[in-house]
file coords21.cif (mmCIF, N, CA and C atoms)
data_coords
loop_
_atom_site.label_atom_id
_atom_site.label_comp_id
_atom_site.auth_asym_id
_atom_site.auth_seq_id
_atom_site.Cartn_x
_atom_site.Cartn_y
_atom_site.Cartn_z
N MET X 29 -84.66 -13.94 307.14
CA MET X 29 -85.82 -14.30 306.35
C MET X 29 -85.40 -14.49 304.90
N SER X 30 -85.82 -15.57 304.31
CA SER X 30 -85.46 -15.87 302.93
C SER X 30 -86.41 -15.17 301.96
N HIS X 31 -85.86 -14.69 300.87
CA HIS X 31 -86.66 -14.09 299.82
C HIS X 31 -86.71 -14.99 298.59
N PHE X 32 -86.14 -16.18 298.68
CA PHE X 32 -86.07 -17.07 297.53
C PHE X 32 -87.39 -17.79 297.31
N THR X 33 -87.77 -17.92 296.04
CA THR X 33 -89.00 -18.60 295.64
C THR X 33 -88.64 -19.68 294.63
N THR X 34 -89.23 -20.87 294.76
CA THR X 34 -88.97 -21.98 293.85
C THR X 34 -90.22 -22.28 293.04
N ILE X 35 -90.03 -22.48 291.72
CA ILE X 35 -91.12 -22.98 290.88
C ILE X 35 -90.71 -24.30 290.27
N LYS X 36 -91.66 -25.18 290.09
CA LYS X 36 -91.42 -26.47 289.46
C LYS X 36 -91.49 -26.29 287.95
N THR X 37 -90.59 -26.93 287.23
CA THR X 37 -90.56 -26.82 285.77
C THR X 37 -90.42 -28.20 285.16
N GLN X 38 -90.35 -28.23 283.87
CA GLN X 38 -90.09 -29.48 283.15
C GLN X 38 -88.67 -29.49 282.57
N ILE X 39 -87.77 -28.72 283.14
CA ILE X 39 -86.38 -28.71 282.67
C ILE X 39 -85.72 -30.01 283.09
N LYS X 40 -85.26 -30.77 282.10
CA LYS X 40 -84.57 -32.03 282.35
C LYS X 40 -83.27 -32.13 281.55
N ASP X 41 -83.15 -31.34 280.49
CA ASP X 41 -82.00 -31.42 279.59
C ASP X 41 -81.08 -30.23 279.85
N ILE X 42 -79.99 -30.48 280.57
CA ILE X 42 -79.08 -29.41 280.96
C ILE X 42 -78.38 -28.81 279.73
N GLU X 43 -78.09 -29.60 278.72
CA GLU X 43 -77.44 -29.04 277.53
C GLU X 43 -78.36 -28.07 276.81
N ALA X 44 -79.65 -28.38 276.71
CA ALA X 44 -80.60 -27.44 276.10
C ALA X 44 -80.69 -26.17 276.94
N LEU X 45 -80.64 -26.32 278.26
CA LEU X 45 -80.65 -25.15 279.13
C LEU X 45 -79.39 -24.31 278.93
N ARG X 46 -78.25 -24.98 278.80
CA ARG X 46 -76.98 -24.27 278.59
C ARG X 46 -77.04 -23.44 277.30
N LEU X 47 -77.61 -24.02 276.24
CA LEU X 47 -77.74 -23.30 274.96
C LEU X 47 -78.69 -22.11 275.10
N ALA X 48 -79.78 -22.28 275.84
CA ALA X 48 -80.71 -21.18 276.07
C ALA X 48 -80.02 -20.05 276.84
N CYS X 49 -79.26 -20.42 277.86
CA CYS X 49 -78.52 -19.42 278.64
C CYS X 49 -77.53 -18.67 277.76
N ARG X 50 -76.80 -19.41 276.95
CA ARG X 50 -75.81 -18.79 276.06
C ARG X 50 -76.49 -17.79 275.13
N GLU X 51 -77.65 -18.16 274.61
CA GLU X 51 -78.37 -17.26 273.71
C GLU X 51 -78.80 -15.98 274.42
N LEU X 52 -79.06 -16.07 275.70
CA LEU X 52 -79.42 -14.89 276.49
C LEU X 52 -78.19 -14.15 277.03
N GLY X 53 -77.01 -14.66 276.72
CA GLY X 53 -75.77 -14.04 277.20
C GLY X 53 -75.48 -14.34 278.65
N LEU X 54 -75.99 -15.48 279.14
CA LEU X 54 -75.82 -15.87 280.53
C LEU X 54 -74.97 -17.12 280.64
N THR X 55 -74.40 -17.35 281.83
CA THR X 55 -73.54 -18.50 282.07
C THR X 55 -74.24 -19.48 282.99
N LEU X 56 -74.11 -20.78 282.69
CA LEU X 56 -74.65 -21.83 283.54
C LEU X 56 -73.48 -22.47 284.28
N LEU X 57 -73.51 -22.39 285.60
CA LEU X 57 -72.45 -22.94 286.44
C LEU X 57 -72.95 -24.20 287.13
N GLN X 58 -72.04 -25.11 287.43
CA GLN X 58 -72.41 -26.33 288.15
C GLN X 58 -71.97 -26.21 289.60
N ASN X 59 -72.79 -26.70 290.53
CA ASN X 59 -72.50 -26.68 291.97
C ASN X 59 -72.02 -25.31 292.43
N ALA X 60 -72.92 -24.36 292.40
CA ALA X 60 -72.56 -22.98 292.76
C ALA X 60 -73.63 -22.40 293.68
N GLU X 61 -73.44 -21.16 294.08
CA GLU X 61 -74.41 -20.46 294.90
C GLU X 61 -75.05 -19.34 294.10
N ALA X 62 -76.36 -19.21 294.24
CA ALA X 62 -77.11 -18.13 293.58
C ALA X 62 -77.22 -16.96 294.56
N ARG X 63 -77.05 -15.77 294.02
CA ARG X 63 -77.13 -14.55 294.83
C ARG X 63 -78.58 -14.10 294.97
N GLY X 64 -78.90 -13.55 296.13
CA GLY X 64 -80.22 -12.99 296.39
C GLY X 64 -80.10 -11.70 297.16
N TYR X 65 -81.21 -11.27 297.71
CA TYR X 65 -81.29 -10.00 298.43
C TYR X 65 -80.32 -9.94 299.61
N TYR X 66 -79.66 -8.83 299.74
CA TYR X 66 -78.79 -8.51 300.87
C TYR X 66 -77.82 -9.65 301.20
N GLU X 67 -77.10 -10.07 300.21
CA GLU X 67 -76.07 -11.09 300.34
C GLU X 67 -76.59 -12.47 300.73
N ASN X 68 -77.91 -12.69 300.67
CA ASN X 68 -78.45 -14.04 300.87
C ASN X 68 -78.02 -14.89 299.68
N LYS X 69 -77.76 -16.16 299.94
CA LYS X 69 -77.37 -17.08 298.88
C LYS X 69 -78.09 -18.40 299.07
N THR X 70 -78.27 -19.11 297.95
CA THR X 70 -78.83 -20.45 298.01
C THR X 70 -78.03 -21.34 297.08
N LYS X 71 -77.78 -22.57 297.50
CA LYS X 71 -76.98 -23.51 296.72
C LYS X 71 -77.81 -24.10 295.59
N GLY X 72 -77.14 -24.35 294.47
CA GLY X 72 -77.81 -24.99 293.35
C GLY X 72 -76.96 -26.07 292.72
N ASP X 73 -77.62 -27.15 292.26
CA ASP X 73 -76.91 -28.14 291.45
C ASP X 73 -76.32 -27.42 290.23
N TYR X 74 -77.10 -26.46 289.71
CA TYR X 74 -76.67 -25.56 288.65
C TYR X 74 -77.14 -24.16 289.02
N VAL X 75 -76.42 -23.17 288.57
CA VAL X 75 -76.80 -21.77 288.80
C VAL X 75 -76.65 -21.00 287.51
N ILE X 76 -77.71 -20.27 287.15
CA ILE X 76 -77.64 -19.36 286.01
C ILE X 76 -77.18 -18.02 286.55
N ARG X 77 -75.96 -17.64 286.17
CA ARG X 77 -75.38 -16.37 286.64
C ARG X 77 -75.95 -15.25 285.79
N LEU X 78 -76.76 -14.40 286.42
CA LEU X 78 -77.37 -13.27 285.73
C LEU X 78 -76.42 -12.07 285.76
N LYS X 79 -76.70 -11.09 284.92
CA LYS X 79 -75.86 -9.89 284.85
C LYS X 79 -76.12 -8.96 286.02
N GLY X 80 -77.35 -8.97 286.53
CA GLY X 80 -77.73 -8.13 287.66
C GLY X 80 -77.30 -8.72 288.99
N PRO X 81 -77.91 -8.26 290.09
CA PRO X 81 -77.46 -8.67 291.42
C PRO X 81 -77.94 -10.05 291.89
N TYR X 82 -78.89 -10.66 291.18
CA TYR X 82 -79.45 -11.94 291.61
C TYR X 82 -79.19 -13.02 290.55
N ASP X 83 -79.32 -14.29 290.95
CA ASP X 83 -79.12 -15.43 290.06
C ASP X 83 -80.29 -16.39 290.18
N ILE X 84 -80.23 -17.46 289.39
CA ILE X 84 -81.25 -18.51 289.44
C ILE X 84 -80.56 -19.83 289.78
N ALA X 85 -81.01 -20.49 290.84
CA ALA X 85 -80.49 -21.80 291.22
C ALA X 85 -81.41 -22.88 290.67
N LEU X 86 -80.83 -23.97 290.22
CA LEU X 86 -81.59 -25.14 289.77
C LEU X 86 -81.21 -26.32 290.63
N ASN X 87 -82.22 -26.98 291.19
CA ASN X 87 -81.99 -28.17 291.99
C ASN X 87 -82.90 -29.28 291.51
N LYS X 88 -82.32 -30.49 291.43
CA LYS X 88 -83.07 -31.64 290.93
C LYS X 88 -84.18 -32.00 291.91
N GLN X 89 -85.37 -32.22 291.34
CA GLN X 89 -86.55 -32.60 292.10
C GLN X 89 -86.71 -34.12 292.07
N ALA X 90 -87.63 -34.64 292.85
CA ALA X 90 -87.85 -36.08 292.95
C ALA X 90 -88.20 -36.72 291.60
N ASP X 91 -88.88 -35.97 290.72
CA ASP X 91 -89.29 -36.53 289.42
C ASP X 91 -88.20 -36.41 288.35
N GLY X 92 -87.02 -35.90 288.72
CA GLY X 92 -85.92 -35.78 287.77
C GLY X 92 -85.84 -34.45 287.06
N SER X 93 -86.85 -33.61 287.21
CA SER X 93 -86.80 -32.28 286.60
C SER X 93 -86.12 -31.33 287.59
N TYR X 94 -85.83 -30.12 287.11
CA TYR X 94 -85.16 -29.13 287.94
C TYR X 94 -86.12 -28.01 288.29
N GLY X 95 -86.16 -27.65 289.57
CA GLY X 95 -86.91 -26.49 290.01
C GLY X 95 -86.04 -25.26 289.87
N LEU X 96 -86.65 -24.13 289.59
CA LEU X 96 -85.94 -22.86 289.48
C LEU X 96 -86.18 -22.06 290.75
N THR X 97 -85.10 -21.64 291.39
CA THR X 97 -85.20 -20.88 292.64
C THR X 97 -84.46 -19.56 292.47
N SER X 98 -85.14 -18.47 292.76
CA SER X 98 -84.47 -17.17 292.69
C SER X 98 -85.19 -16.18 293.59
N ASP X 99 -84.52 -15.09 293.83
CA ASP X 99 -85.08 -13.98 294.59
C ASP X 99 -85.75 -13.07 293.57
N LEU X 100 -87.05 -12.99 293.62
CA LEU X 100 -87.81 -12.25 292.60
C LEU X 100 -88.04 -10.79 292.97
N TRP X 101 -87.41 -10.32 294.04
CA TRP X 101 -87.62 -8.96 294.50
C TRP X 101 -87.19 -7.93 293.47
N ASN X 102 -88.00 -6.94 293.26
CA ASN X 102 -87.71 -5.74 292.46
C ASN X 102 -87.50 -6.01 290.97
N GLY X 103 -87.89 -7.17 290.47
CA GLY X 103 -87.86 -7.44 289.04
C GLY X 103 -86.49 -7.67 288.42
N HIS X 104 -85.45 -7.87 289.23
CA HIS X 104 -84.11 -8.07 288.67
C HIS X 104 -84.05 -9.31 287.78
N VAL X 105 -84.60 -10.42 288.25
CA VAL X 105 -84.58 -11.67 287.48
C VAL X 105 -85.50 -11.54 286.26
N GLU X 106 -86.68 -11.01 286.47
CA GLU X 106 -87.66 -10.83 285.39
C GLU X 106 -87.09 -9.99 284.25
N ASN X 107 -86.32 -8.97 284.56
CA ASN X 107 -85.73 -8.12 283.52
C ASN X 107 -84.81 -8.89 282.59
N GLU X 108 -84.18 -9.94 283.09
CA GLU X 108 -83.21 -10.68 282.28
C GLU X 108 -83.78 -11.92 281.61
N VAL X 109 -84.72 -12.61 282.27
CA VAL X 109 -85.21 -13.87 281.71
C VAL X 109 -86.72 -13.86 281.47
N GLY X 110 -87.37 -12.73 281.64
CA GLY X 110 -88.79 -12.61 281.37
C GLY X 110 -89.65 -12.95 282.56
N GLN X 111 -90.88 -12.47 282.51
CA GLN X 111 -91.84 -12.73 283.58
C GLN X 111 -92.09 -14.23 283.68
N GLY X 112 -92.04 -14.75 284.90
CA GLY X 112 -92.23 -16.19 285.10
C GLY X 112 -91.18 -17.02 284.40
N TYR X 113 -90.00 -16.44 284.20
CA TYR X 113 -88.88 -17.08 283.49
C TYR X 113 -89.22 -17.34 282.03
N GLY X 114 -90.19 -16.59 281.48
CA GLY X 114 -90.73 -16.85 280.15
C GLY X 114 -89.72 -16.94 279.02
N LYS X 115 -88.81 -15.97 278.90
CA LYS X 115 -87.82 -16.01 277.81
C LYS X 115 -86.90 -17.22 277.95
N LEU X 116 -86.48 -17.48 279.19
CA LEU X 116 -85.59 -18.62 279.44
C LEU X 116 -86.27 -19.93 279.09
N LEU X 117 -87.50 -20.11 279.55
CA LEU X 117 -88.22 -21.37 279.29
C LEU X 117 -88.56 -21.52 277.81
N GLN X 118 -88.87 -20.41 277.13
CA GLN X 118 -89.15 -20.47 275.70
C GLN X 118 -87.91 -20.96 274.94
N LEU X 119 -86.76 -20.36 275.24
CA LEU X 119 -85.54 -20.76 274.54
C LEU X 119 -85.11 -22.18 274.91
N TYR X 120 -85.34 -22.58 276.15
CA TYR X 120 -85.08 -23.97 276.54
C TYR X 120 -85.91 -24.91 275.66
N GLY X 121 -87.19 -24.60 275.52
CA GLY X 121 -88.07 -25.43 274.68
C GLY X 121 -87.63 -25.47 273.23
N VAL X 122 -87.18 -24.35 272.71
CA VAL X 122 -86.69 -24.29 271.33
C VAL X 122 -85.47 -25.19 271.15
N HIS X 123 -84.52 -25.09 272.07
CA HIS X 123 -83.30 -25.90 271.95
C HIS X 123 -83.57 -27.38 272.19
N LYS X 124 -84.48 -27.70 273.11
CA LYS X 124 -84.83 -29.10 273.37
C LYS X 124 -85.54 -29.71 272.16
N ALA X 125 -86.50 -28.99 271.61
CA ALA X 125 -87.23 -29.49 270.43
C ALA X 125 -86.30 -29.64 269.23
N THR X 126 -85.41 -28.69 269.05
CA THR X 126 -84.46 -28.75 267.94
C THR X 126 -83.56 -29.97 268.06
N ALA X 127 -83.04 -30.23 269.25
CA ALA X 127 -82.18 -31.40 269.47
C ALA X 127 -82.93 -32.69 269.21
N GLU X 128 -84.16 -32.79 269.69
CA GLU X 128 -84.95 -34.02 269.49
C GLU X 128 -85.27 -34.22 268.01
N ALA X 129 -85.60 -33.15 267.30
CA ALA X 129 -85.89 -33.26 265.86
C ALA X 129 -84.66 -33.72 265.09
N ARG X 130 -83.52 -33.17 265.43
CA ARG X 130 -82.28 -33.54 264.72
C ARG X 130 -81.90 -34.99 264.99
N LYS X 131 -82.20 -35.50 266.19
CA LYS X 131 -81.96 -36.92 266.50
C LYS X 131 -82.76 -37.82 265.57
N LYS X 132 -83.91 -37.31 265.11
CA LYS X 132 -84.78 -38.09 264.21
C LYS X 132 -84.48 -37.80 262.75
N GLY X 133 -83.39 -37.07 262.49
CA GLY X 133 -82.98 -36.81 261.11
C GLY X 133 -83.72 -35.66 260.44
N LEU X 134 -84.39 -34.83 261.22
CA LEU X 134 -85.14 -33.71 260.65
C LEU X 134 -84.30 -32.44 260.66
N SER X 135 -84.53 -31.59 259.67
CA SER X 135 -83.94 -30.26 259.66
C SER X 135 -84.90 -29.32 260.37
N VAL X 136 -84.34 -28.29 260.98
CA VAL X 136 -85.16 -27.35 261.75
C VAL X 136 -84.91 -25.93 261.27
N LEU X 137 -85.99 -25.26 260.90
CA LEU X 137 -85.93 -23.83 260.59
C LEU X 137 -86.58 -23.09 261.74
N ARG X 138 -85.93 -22.03 262.17
CA ARG X 138 -86.43 -21.25 263.29
C ARG X 138 -86.84 -19.87 262.80
N ARG X 139 -88.04 -19.46 263.16
CA ARG X 139 -88.55 -18.16 262.72
C ARG X 139 -89.08 -17.37 263.91
N GLN X 140 -88.51 -16.19 264.09
CA GLN X 140 -88.98 -15.29 265.16
C GLN X 140 -90.26 -14.63 264.67
N GLN X 141 -91.30 -14.67 265.48
CA GLN X 141 -92.57 -14.07 265.13
C GLN X 141 -92.64 -12.64 265.68
N GLN X 142 -93.49 -11.82 265.09
CA GLN X 142 -93.61 -10.43 265.52
C GLN X 142 -94.08 -10.30 266.96
N ASN X 143 -94.85 -11.26 267.43
CA ASN X 143 -95.37 -11.19 268.80
C ASN X 143 -94.38 -11.71 269.84
N GLY X 144 -93.17 -12.05 269.40
CA GLY X 144 -92.13 -12.53 270.31
C GLY X 144 -92.03 -14.04 270.40
N SER X 145 -93.01 -14.75 269.87
CA SER X 145 -92.94 -16.21 269.91
C SER X 145 -91.94 -16.69 268.85
N ILE X 146 -91.56 -17.94 268.98
CA ILE X 146 -90.63 -18.55 268.03
C ILE X 146 -91.33 -19.73 267.39
N LYS X 147 -91.31 -19.76 266.07
CA LYS X 147 -91.93 -20.85 265.32
C LYS X 147 -90.84 -21.76 264.80
N LEU X 148 -90.97 -23.05 265.05
CA LEU X 148 -90.04 -24.04 264.51
C LEU X 148 -90.74 -24.78 263.38
N VAL X 149 -90.05 -24.89 262.25
CA VAL X 149 -90.56 -25.64 261.12
C VAL X 149 -89.63 -26.85 260.95
N LEU X 150 -90.21 -28.07 261.04
CA LEU X 150 -89.44 -29.29 260.93
C LEU X 150 -89.59 -29.83 259.53
N LEU X 151 -88.44 -30.13 258.92
CA LEU X 151 -88.44 -30.65 257.55
C LEU X 151 -87.80 -32.04 257.54
N GLY X 152 -88.52 -33.00 256.93
CA GLY X 152 -88.02 -34.35 256.83
C GLY X 152 -87.18 -34.53 255.58
N VAL X 153 -86.64 -35.73 255.42
CA VAL X 153 -85.84 -36.07 254.25
C VAL X 153 -86.72 -35.98 253.01
N GLY X 154 -86.23 -35.32 251.98
CA GLY X 154 -86.96 -35.18 250.73
C GLY X 154 -87.99 -34.07 250.74
N ALA X 155 -88.01 -33.28 251.83
CA ALA X 155 -89.00 -32.19 251.91
C ALA X 155 -88.56 -30.99 251.12
#
call {"tool": "encode", "arguments": {"input": "coords21.cif", "output": "C-alpha cells"}}
result
Amino acid sequence: MSHFTTIKTQIKDIEALRLACRELGLTLLQNAEARGYYENKTKGDYVIRLKGPYDIALNKQADGSYGLTSDLWNGHVENEVGQGYGKLLQLYGVHKATAEARKKGLSVLRRQQQNGSIKLVLLGVGA
C-alpha cells in the first residue's frame, strides 16, 4: 500500500526551486527516488532530499508545472518544509519573483516580517 500523496503546484522554474532548497539546507537531485514509509520509494524527475527519513518527488504534469509527491506520515516532511509545503513554496515564490524583477532591471530588497512572511520591495532605476 502506498503512503505517497501528490499535490498540484505552480512550480515551473527549477532554478528558483533549487535556490529555495539551498536556503532551507536541502539538496535538489535530478532523476532520483524519494524515500517514504518502510523503504517505499517513488521516482521523481527531481527529488528534494530531506534531512529526515522521507523526501519530496517532483514530476512534470501535463500543464508543465511540477506536482509534489511525498509520504506525509508522522509530520516528517512538514517539520522540514512547513505545513502544506508552506516554507518551501514561500521561498520558491520569493526566488521566482526576485529573478523576474531582476530581468526587468529592478533591484529587490527582501524583508522578513515578524509573522514569518517575507516582503519584497522592488526598486526601479532612479528610485
call {"tool": "resolve_selection", "arguments": {"input": "coords21.cif", "expression": "the PyMOL selection byres ((chain X and resi 31-44) around 5)", "output": "MDAnalysis selection string"}}
result
chainID X and resid 29:30 45:48 93:99 120 123:124
call {"tool": "residues_around", "arguments": {"input": "coords21.cif", "residues": "Ala62 of chain X", "least_positions_apart": "5", "cutoff": "7 Å", "atoms": "all atoms listed in the file", "output": "MDAnalysis selection string"}}
result
chainID X and resid 68:72 75:76 82:85
call {"tool": "atom_distance", "arguments": {"input": "coords21.cif", "atom1": "atom CA of Leu137 of chain X", "atom2": "atom CA of Glu106 of chain X"}}
result
28.1 Å
call {"tool": "select_by_dssp", "arguments": {"input": "coords21.cif", "residues": "chain X", "states": "alpha helix (DSSP H)", "output": "ChimeraX atom specification"}}
result
/X:42-51,104-109,114-131
call {"tool": "closest_residue", "arguments": {"input": "coords21.cif", "among": "X:Leu150, X:Gly133, X:Arg139, X:Glu108", "to": "Glu51 of chain X", "atoms": "only C-alpha atoms"}}
result
X:Glu108
call {"tool": "resolve_selection", "arguments": {"input": "coords21.cif", "expression": "the PyMOL selection byres (((chain X and resi 145 and name CA) around 12) and name CA)", "output": "number ranges by chain"}}
result
X: 114-115, 117-119, 121-122, 138-144, 146-148
call {"tool": "atom_distance", "arguments": {"input": "coords21.cif", "atom1": "atom CA of Lys88 of chain X", "atom2": "atom N of Tyr113 of chain X"}}
result
18.0 Å
call {"tool": "resolve_selection", "arguments": {"input": "coords21.cif", "expression": "the PyMOL selection byres ((chain X and resi 135) around 6)", "output": "VMD selection string"}}
result
chain X and resid 129 to 130 133 to 134 136 to 137 149 to 152
call {"tool": "axis_aligned_box", "arguments": {"input": "coords21.cif", "around": "segment 56-59 of chain X", "padding_each_side": "8 Å", "output": "lines of an AutoDock Vina configuration file"}}
result
center_x = -73.3
center_y = -23.7
center_z = 287.6
size_x = 18.7
size_y = 21.9
size_z = 25.7
call {"tool": "select_by_dssp", "arguments": {"input": "coords21.cif", "residues": "segment 44-145 of chain X", "states": "strand (DSSP E)", "output": "PyMOL selection string"}}
result
chain X and resi 55-63+69-77+84-88+94-99+135-140
call {"tool": "atom_distance", "arguments": {"input": "coords21.cif", "atom1": "atom N of Leu86 of chain X", "atom2": "atom C of Gly53 of chain X"}}
result
16.0 Å
